[in-house]
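Enquirer: The structure's right below; bear with me while I get my questions together.
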Amino acid sequence: MVEKILTVRNRAGIHARPAALIAQTANTFASELILEKDAMTVNAKSIMGVITMAAGYNTNLTLKADGPDETEAADAIFNLFESKFEEE
């Protein structure tokens, strides 16, 4: 299992477009990808799940990846957050 701390760096936070990017990217991998915020846990492959996290600017999330391509999957999601979802 790979675990990474992600920080929402885009000013608008995770709204529909970033949530769709996260889910689309997560769905390209076989591994299970889970996002956690406080006590909330969602499947990163679910757009609605990601949106319901209501993660605003500078929110920290924990990503847990488990499966055959867990390292690549975690890195891909991490890079989305670092690139501010290509919004800025």
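By order in the structure tokens, chains are A, B, ...; within a chain, residues start at 1; ligands start at 1, following the order shown.
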Taking the backbone alone, and naming residues the way the document does, which bits of chain A are helix (DSSP H, G or I) by DSSP, as a PyMOL selection string?
Expert: chain A and resi 16-26+47-51+70-82+84-86
Enquirer: Considering only C-alpha atoms, return as a PyMOL selection string whatever protein or nucleic-acid residues lie within 10 Å of segment 35-49 of chain A, sequence-local ones (same chain, fewer than 4 positions apart) excluded.
Expert: chain A and resi 3-6+15-29+53-55+59-65+77
Enquirer: Could you pull out the strand (DSSP E or B) residues of chain A from DSSP and send them as a ChimeraX atom specification?
Expert: /A:2-7,32-37,40-43,60-66
Enquirer: What gap, in Å, lies between atom CA of Phe85 of chain A and atom CA of Ala73 of chain A?
Expert: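 If I compute the distance from atom CA of Phe85 of chain A to atom CA of Ala73 of chain A, I get 15.8 Å.
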Enquirer: Which distance in Å separates atom CA of Tyr57 of chain A and atom CA of Asn79 of chain A, to one decimal?
Expert: 16.3 Å
Enquirer: For a quick check of understanding, using only C-alpha atoms, which of A:Asn58, A:Met1, A:Ile51, A:Asp66 has the smallest distance to Phe81 of chain A?
Expert: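 Smallest separation from Phe81 of chain A among the options: A:Asn58.
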Enquirer: From the list A:Val50, A:Gly13, A:Ile34, A:Thr7, which residue is nearest Phe78 of chain A when using only C-alpha atoms?
Expert: A:Thr7
Enquirer: Between atom CA of Ser83 of chain A and atom CA of Asn10 of chain A, what is the spacing in Å?
Expert: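 Computing it gives 8.5 Å between the two atoms.
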